[in-house]
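Novice: The structure is given below, and queries will be raised subsequently.
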Amino acid sequence: MERTAVLEQKIHYAWFILIACLGFYSVLIGICGNTAGIFLAPVMNDLGWSRTAASQYLGIWPLVAAVSQPFAGKILQKYDPRYILTAAVTLFCVAYMLTSQATQVWQWNLFGVIYGITATFFMYLAVPVLINAWFNKNVGFNIGLASAMLSLVAAFAAPIAQSIITAYGWQTARLYLGMAAFVFCVPVTYLFVRKNPEMLGLKKYGEDEVVEESAAANALIVDHAVSLKRAAANPAFYLIILIACVFTLCATFFQQIPTYAAKGPLGAAAGAMAVSIIMVGGIIGKFILGYVSDRFGATVAGTFACLCGAVGIFISFKSGSAISLFYIGMAIFGMGYAALSVINPMLTKQSFGIKYYSEIYSWIIMAIFLMSSVGPTLWAQIYDRTGGFTLAFIIVTGLYIVGALAIQFIMPSAKKTWDLNESPQDHITSA
């Protein structure tokens, strides 16, 4: 207790929780997850595989994660996340390193299964669960920070990995990346993750403070403690799932931007630059959306993100050969792209509270994983069947507009669950 008292006086332990989130989420996925694409061509060339064979595991892991997600929510709710996350990160890193020796498609697909099982804990669920448990203020901003750091890590990791592949081959690069992730992420996870402040005799960061600037902001930190059973009986639950599907499908479309530009008057160079612009817009957008969610609510932030996504993608589509206008549209679209990792957890928390958050949000994440698997195939099919991306641009614009409208009904509907007393049956269902 003496150590925790010193921590509470000098620096609140919640900040160590944030560092842990950066470790098992931002660094791990930034180094290993978001560099997957650069290994496809070297593996294909070295092992003589087709692109379908080399990329099969990228379609397997989201499906495995989607099926596993509801169980992950219950496990994190019931057990100590310190040991669960340490085990998940360790298993993922070891499996990742072993793929450096994989020569058969089934071995990569087995890694896809392991990836999916472990990702159910560290990819979308653990960060909002821990930050909600430890922070009473700046929740959205810190979730946005963790997500933004992932993009930054990936931006540096990709060229480093490519240089290692060029110099020493993909096997060495795979082994080095896995080792780097293991050496940093496993210790940080084990040393810093704690389930809640009560374990250390602390209060949440900012629990005794009042946000004077906004009465609405103070209302957003109330834990309404809505059980999974009650949440699932309310339309708000399904509207949040709809919003998650919208954000995920639209986010997967950014992978088609380079092809769209290369096939038209803009050119391949403009497409490559557009990806960088989207990522930069997304990094900035995550901070902005997190701040707005904290101060004015996830409804305002989500509506703003949807409108930015619709306007940005529409401007880009109508830019023709005007590269500057195309870049402006991509930058605005980046704000909609950023919504996936910020708005969904904040909508869930502000609608139903944090007591049963991990169980409720695990179902939202299941939809995200499913759409992550469906999205790339959907856009590719549209291109193959129509010979272009016109219909895809129209669908993305329409999805964002639907999202902007649907999000207005979430909080009014969720409020109907706040005044209900929790029944013993609710507790049993959600425990």
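Residues in the structure tokens are named by chain (A, B, ... in the order shown) and by number from 1 within that chain; ligands are numbered from 1 in the order shown.
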Hey, what's within 10 Å of A:Ile114 if we count only C-alpha atoms and toss same-chain stuff fewer than 2 positions away? As an mmCIF file with N, CA and C atoms, in the first residue's frame, please?
Specialist:
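Generated output (result-v4.cif):
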```cif
data_model
loop_
_atom_site.group_PDB
_atom_site.id
_atom_site.type_symbol
_atom_site.label_atom_id
_atom_site.label_comp_id
_atom_site.auth_asym_id
_atom_site.auth_seq_id
_atom_site.Cartn_x
_atom_site.Cartn_y
_atom_site.Cartn_z
ATOM 1 N N ILE A 60 -8.997 -15.609 -42.524
ATOM 2 C CA ILE A 60 -9.363 -16.561 -41.473
ATOM 3 C C ILE A 60 -9.431 -15.899 -40.117
ATOM 4 N N TRP A 61 -8.419 -15.069 -39.801
ATOM 5 C CA TRP A 61 -8.347 -14.577 -38.423
ATOM 6 C C TRP A 61 -9.533 -13.688 -38.030
ATOM 7 N N VAL A 64 -12.407 -16.102 -37.117
ATOM 8 C CA VAL A 64 -12.154 -16.772 -35.838
ATOM 9 C C VAL A 64 -12.365 -15.799 -34.682
ATOM 10 N N ALA A 65 -11.889 -14.576 -34.860
ATOM 11 C CA ALA A 65 -12.047 -13.558 -33.817
ATOM 12 C C ALA A 65 -13.518 -13.232 -33.582
ATOM 13 N N ALA A 88 -2.124 -13.983 -24.011
ATOM 14 C CA ALA A 88 -2.538 -13.758 -25.399
ATOM 15 C C ALA A 88 -1.409 -13.130 -26.217
ATOM 16 N N LEU A 91 1.438 -15.767 -26.738
ATOM 17 C CA LEU A 91 1.066 -16.770 -27.742
ATOM 18 C C LEU A 91 1.116 -16.187 -29.139
ATOM 19 N N PHE A 92 0.597 -14.956 -29.301
ATOM 20 C CA PHE A 92 0.609 -14.332 -30.621
ATOM 21 C C PHE A 92 2.037 -14.123 -31.113
ATOM 22 N N ALA A 95 3.755 -17.436 -32.067
ATOM 23 C CA ALA A 95 3.191 -17.940 -33.325
ATOM 24 C C ALA A 95 3.676 -17.101 -34.511
ATOM 25 N N TYR A 96 3.748 -15.786 -34.307
ATOM 26 C CA TYR A 96 4.217 -14.890 -35.367
ATOM 27 C C TYR A 96 5.658 -15.226 -35.744
ATOM 28 N N TRP A 108 0.459 -21.354 -42.178
ATOM 29 C CA TRP A 108 0.045 -19.948 -42.112
ATOM 30 C C TRP A 108 -1.413 -19.832 -41.684
ATOM 31 N N ASN A 109 -2.246 -20.744 -42.163
ATOM 32 C CA ASN A 109 -3.656 -20.713 -41.774
ATOM 33 C C ASN A 109 -3.838 -21.038 -40.293
ATOM 34 N N LEU A 110 -2.976 -21.930 -39.768
ATOM 35 C CA LEU A 110 -3.009 -22.209 -38.333
ATOM 36 C C LEU A 110 -2.644 -20.953 -37.552
ATOM 37 N N PHE A 111 -1.660 -20.204 -38.052
ATOM 38 C CA PHE A 111 -1.331 -18.925 -37.430
ATOM 39 C C PHE A 111 -2.529 -17.984 -37.472
ATOM 40 N N GLY A 112 -3.292 -18.026 -38.568
ATOM 41 C CA GLY A 112 -4.497 -17.205 -38.669
ATOM 42 C C GLY A 112 -5.501 -17.534 -37.577
ATOM 43 N N GLY A 116 -6.563 -14.988 -34.618
ATOM 44 C CA GLY A 116 -7.953 -14.644 -34.339
ATOM 45 C C GLY A 116 -8.327 -14.831 -32.886
ATOM 46 N N ILE A 117 -7.880 -15.942 -32.285
ATOM 47 C CA ILE A 117 -8.211 -16.210 -30.882
ATOM 48 C C ILE A 117 -7.581 -15.173 -29.969
ATOM 49 N N THR A 118 -6.318 -14.875 -30.178
ATOM 50 C CA THR A 118 -5.619 -13.924 -29.304
ATOM 51 C C THR A 118 -6.079 -12.488 -29.543
ATOM 52 N N ALA A 119 -6.391 -12.165 -30.802
ATOM 53 C CA ALA A 119 -6.804 -10.798 -31.137
ATOM 54 C C ALA A 119 -8.127 -10.423 -30.489
#
```
Novice: Between atom CA of A:Val94 and atom CA of A:Val127, what is the distance in Å, rounded to a tenth?
Specialist: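 These two atoms are separated by 21.8 Å.
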Novice: Calculated over only C-alpha atoms, which of the candidates A:Gly169, A:Gly267, A:Gly309, A:Gly37 has the smallest distance to A:Tyr337?
Specialist: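 Under the stated criterion, the closest residue is A:Gly309.
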Novice: Rank A:Tyr291, A:Gly387, A:Ile143, A:Leu239 by their smallest atom-to-atom distance to A:Leu340, using only C-alpha atoms, and report the top residue only.
Specialist: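 Of all the options, A:Ile143 lies closest to A:Leu340.
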Novice: Could you give me, as a list in words, the residues within 12 Å of A:Val280, counting only C-alpha atoms and dropping anything in the same chain fewer than 3 positions from it?
Specialist: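 Returned residues: Ala148, Met149, Leu150, Ser151, Leu152, Ala154, Ala155, Met273, Ala274, Val275, Ser276, Ile277, Ile283, Ile284, Gly285, Lys286, Phe287, Tyr327, Met330, Ala331, Ile332, Phe333, Gly334, Met335, Tyr337 and Ala338 of chain A.
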Novice: Restrict the selected residues to N, CA and C atoms and save them as an mmCIF file, in the first residue's frame.
Specialist:
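Result saved to selection.cif:
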```cif
data_model
loop_
_atom_site.group_PDB
_atom_site.id
_atom_site.type_symbol
_atom_site.label_atom_id
_atom_site.label_comp_id
_atom_site.auth_asym_id
_atom_site.auth_seq_id
_atom_site.Cartn_x
_atom_site.Cartn_y
_atom_site.Cartn_z
ATOM 1 N N ALA A 148 -4.216 6.206 -32.235
ATOM 2 C CA ALA A 148 -3.332 7.039 -33.041
ATOM 3 C C ALA A 148 -1.890 6.547 -32.975
ATOM 4 N N MET A 149 -1.467 6.100 -31.794
ATOM 5 C CA MET A 149 -0.113 5.582 -31.641
ATOM 6 C C MET A 149 0.084 4.314 -32.464
ATOM 7 N N LEU A 150 -0.960 3.510 -32.595
ATOM 8 C CA LEU A 150 -0.873 2.325 -33.448
ATOM 9 C C LEU A 150 -0.511 2.733 -34.879
ATOM 10 N N SER A 151 -1.190 3.752 -35.392
ATOM 11 C CA SER A 151 -0.930 4.212 -36.756
ATOM 12 C C SER A 151 0.488 4.754 -36.889
ATOM 13 N N LEU A 152 0.960 5.464 -35.861
ATOM 14 C CA LEU A 152 2.314 6.004 -35.895
ATOM 15 C C LEU A 152 3.356 4.892 -35.885
ATOM 16 N N ALA A 154 2.945 1.820 -36.881
ATOM 17 C CA ALA A 154 2.882 1.138 -38.173
ATOM 18 C C ALA A 154 3.592 1.933 -39.263
ATOM 19 N N ALA A 155 3.490 3.260 -39.201
ATOM 20 C CA ALA A 155 4.137 4.111 -40.205
ATOM 21 C C ALA A 155 5.647 3.952 -40.176
ATOM 22 N N MET A 273 0.017 8.467 -52.308
ATOM 23 C CA MET A 273 0.010 9.645 -51.441
ATOM 24 C C MET A 273 -1.316 9.754 -50.687
ATOM 25 N N ALA A 274 -2.406 9.374 -51.333
ATOM 26 C CA ALA A 274 -3.725 9.444 -50.695
ATOM 27 C C ALA A 274 -3.795 8.554 -49.468
ATOM 28 N N VAL A 275 -3.167 7.378 -49.528
ATOM 29 C CA VAL A 275 -3.155 6.473 -48.373
ATOM 30 C C VAL A 275 -2.472 7.145 -47.187
ATOM 31 N N SER A 276 -1.342 7.802 -47.463
ATOM 32 C CA SER A 276 -0.628 8.514 -46.397
ATOM 33 C C SER A 276 -1.480 9.648 -45.832
ATOM 34 N N ILE A 277 -2.181 10.350 -46.709
ATOM 35 C CA ILE A 277 -3.029 11.461 -46.270
ATOM 36 C C ILE A 277 -4.179 10.948 -45.404
ATOM 37 N N ILE A 283 -5.062 9.880 -37.853
ATOM 38 C CA ILE A 283 -4.345 10.096 -36.590
ATOM 39 C C ILE A 283 -4.849 11.364 -35.903
ATOM 40 N N ILE A 284 -4.941 12.436 -36.660
ATOM 41 C CA ILE A 284 -5.452 13.690 -36.094
ATOM 42 C C ILE A 284 -6.912 13.529 -35.679
ATOM 43 N N GLY A 285 -7.680 12.829 -36.521
ATOM 44 C CA GLY A 285 -9.092 12.633 -36.248
ATOM 45 C C GLY A 285 -9.360 11.863 -34.972
ATOM 46 N N LYS A 286 -8.500 10.901 -34.635
ATOM 47 C CA LYS A 286 -8.701 10.112 -33.421
ATOM 48 C C LYS A 286 -8.589 10.977 -32.170
ATOM 49 N N PHE A 287 -7.663 11.921 -32.179
ATOM 50 C CA PHE A 287 -7.549 12.842 -31.049
ATOM 51 C C PHE A 287 -8.781 13.745 -30.968
ATOM 52 N N TYR A 327 -6.871 15.143 -52.831
ATOM 53 C CA TYR A 327 -6.163 15.057 -51.556
ATOM 54 C C TYR A 327 -6.983 15.677 -50.418
ATOM 55 N N MET A 330 -9.590 13.216 -49.420
ATOM 56 C CA MET A 330 -9.003 12.104 -48.676
ATOM 57 C C MET A 330 -8.684 12.499 -47.232
ATOM 58 N N ALA A 331 -8.229 13.727 -47.032
ATOM 59 C CA ALA A 331 -7.929 14.201 -45.675
ATOM 60 C C ALA A 331 -9.199 14.258 -44.831
ATOM 61 N N ILE A 332 -10.284 14.747 -45.437
ATOM 62 C CA ILE A 332 -11.564 14.807 -44.716
ATOM 63 C C ILE A 332 -12.098 13.402 -44.459
ATOM 64 N N PHE A 333 -11.960 12.533 -45.450
ATOM 65 C CA PHE A 333 -12.371 11.140 -45.293
ATOM 66 C C PHE A 333 -11.631 10.472 -44.142
ATOM 67 N N GLY A 334 -10.393 10.885 -43.901
ATOM 68 C CA GLY A 334 -9.604 10.330 -42.803
ATOM 69 C C GLY A 334 -10.282 10.488 -41.461
ATOM 70 N N MET A 335 -11.087 11.547 -41.305
ATOM 71 C CA MET A 335 -11.823 11.743 -40.059
ATOM 72 C C MET A 335 -12.892 10.656 -39.891
ATOM 73 N N TYR A 337 -12.671 7.702 -41.281
ATOM 74 C CA TYR A 337 -11.871 6.489 -41.089
ATOM 75 C C TYR A 337 -11.475 6.313 -39.621
ATOM 76 N N ALA A 338 -11.215 7.431 -38.939
ATOM 77 C CA ALA A 338 -10.783 7.389 -37.541
ATOM 78 C C ALA A 338 -11.875 6.946 -36.592
#
```
Novice: For stretch 43-50 of chain A, work out the shell of residues within 9 Å, counting only C-alpha atoms and skipping chain neighbours fewer than 2 positions away, then give it as a PyMOL selection string.
Specialist: chain A and resi 39-41+52-55+103-105+170-171
Novice: Keeping only N, CA and C atoms, write the selected residues as a PDB file, in the first residue's frame.
Specialist:
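Saved the output as result-v3.pdb:
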```pdb
ATOM      1  N   PHE A  39       4.541  -8.556 -46.599  1.00  0.00           N
ATOM      2  CA  PHE A  39       5.109  -9.902 -46.650  1.00  0.00           C
ATOM      3  C   PHE A  39       4.495 -10.760 -47.754  1.00  0.00           C
ATOM      4  N   LEU A  40       3.360 -10.334 -48.314  1.00  0.00           N
ATOM      5  CA  LEU A  40       2.655 -11.182 -49.270  1.00  0.00           C
ATOM      6  C   LEU A  40       3.502 -11.476 -50.510  1.00  0.00           C
ATOM      7  N   ALA A  41       4.012 -10.452 -51.158  1.00  0.00           N
ATOM      8  CA  ALA A  41       4.793 -10.657 -52.385  1.00  0.00           C
ATOM      9  C   ALA A  41       6.061 -11.472 -52.139  1.00  0.00           C
ATOM     10  N   THR A  52      -3.937 -15.788 -53.469  1.00  0.00           N
ATOM     11  CA  THR A  52      -5.014 -16.334 -52.638  1.00  0.00           C
ATOM     12  C   THR A  52      -4.450 -17.201 -51.518  1.00  0.00           C
ATOM     13  N   ALA A  53      -3.506 -18.068 -51.863  1.00  0.00           N
ATOM     14  CA  ALA A  53      -2.911 -18.954 -50.862  1.00  0.00           C
ATOM     15  C   ALA A  53      -2.142 -18.163 -49.804  1.00  0.00           C
ATOM     16  N   ALA A  54      -1.390 -17.170 -50.253  1.00  0.00           N
ATOM     17  CA  ALA A  54      -0.563 -16.401 -49.319  1.00  0.00           C
ATOM     18  C   ALA A  54      -1.388 -15.536 -48.385  1.00  0.00           C
ATOM     19  N   SER A  55      -2.577 -15.141 -48.820  1.00  0.00           N
ATOM     20  CA  SER A  55      -3.381 -14.210 -48.024  1.00  0.00           C
ATOM     21  C   SER A  55      -4.590 -14.869 -47.366  1.00  0.00           C
ATOM     22  N   THR A 103       6.449 -23.126 -44.270  1.00  0.00           N
ATOM     23  CA  THR A 103       6.599 -23.359 -45.709  1.00  0.00           C
ATOM     24  C   THR A 103       5.339 -23.944 -46.349  1.00  0.00           C
ATOM     25  N   GLN A 104       4.323 -24.234 -45.530  1.00  0.00           N
ATOM     26  CA  GLN A 104       3.084 -24.816 -46.020  1.00  0.00           C
ATOM     27  C   GLN A 104       1.920 -23.865 -45.732  1.00  0.00           C
ATOM     28  N   VAL A 105       0.927 -23.871 -46.613  1.00  0.00           N
ATOM     29  CA  VAL A 105      -0.215 -22.979 -46.458  1.00  0.00           C
ATOM     30  C   VAL A 105      -0.947 -23.260 -45.144  1.00  0.00           C
ATOM     31  N   TRP A 170      12.462 -12.276 -46.122  1.00  0.00           N
ATOM     32  CA  TRP A 170      11.244 -12.134 -45.330  1.00  0.00           C
ATOM     33  C   TRP A 170      11.278 -12.956 -44.051  1.00  0.00           C
ATOM     34  N   GLN A 171      11.991 -14.117 -44.064  1.00  0.00           N
ATOM     35  CA  GLN A 171      12.050 -14.933 -42.846  1.00  0.00           C
ATOM     36  C   GLN A 171      12.731 -14.176 -41.705  1.00  0.00           C
TER      37      GLN A 171
END
```
Novice: Between A:Tyr79, A:Phe409, A:Phe156, A:Phe16, single out the one closest to A:Thr299, counting only C-alpha atoms.
Specialist: A:Phe409
Novice: Find, counting only C-alpha atoms, the residue in A:Ser293, A:Ser321, A:Thr252, A:Ser358 that gets nearest to A:Asn132.
Specialist: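 Closest to A:Asn132 of all the choices is A:Ser358.
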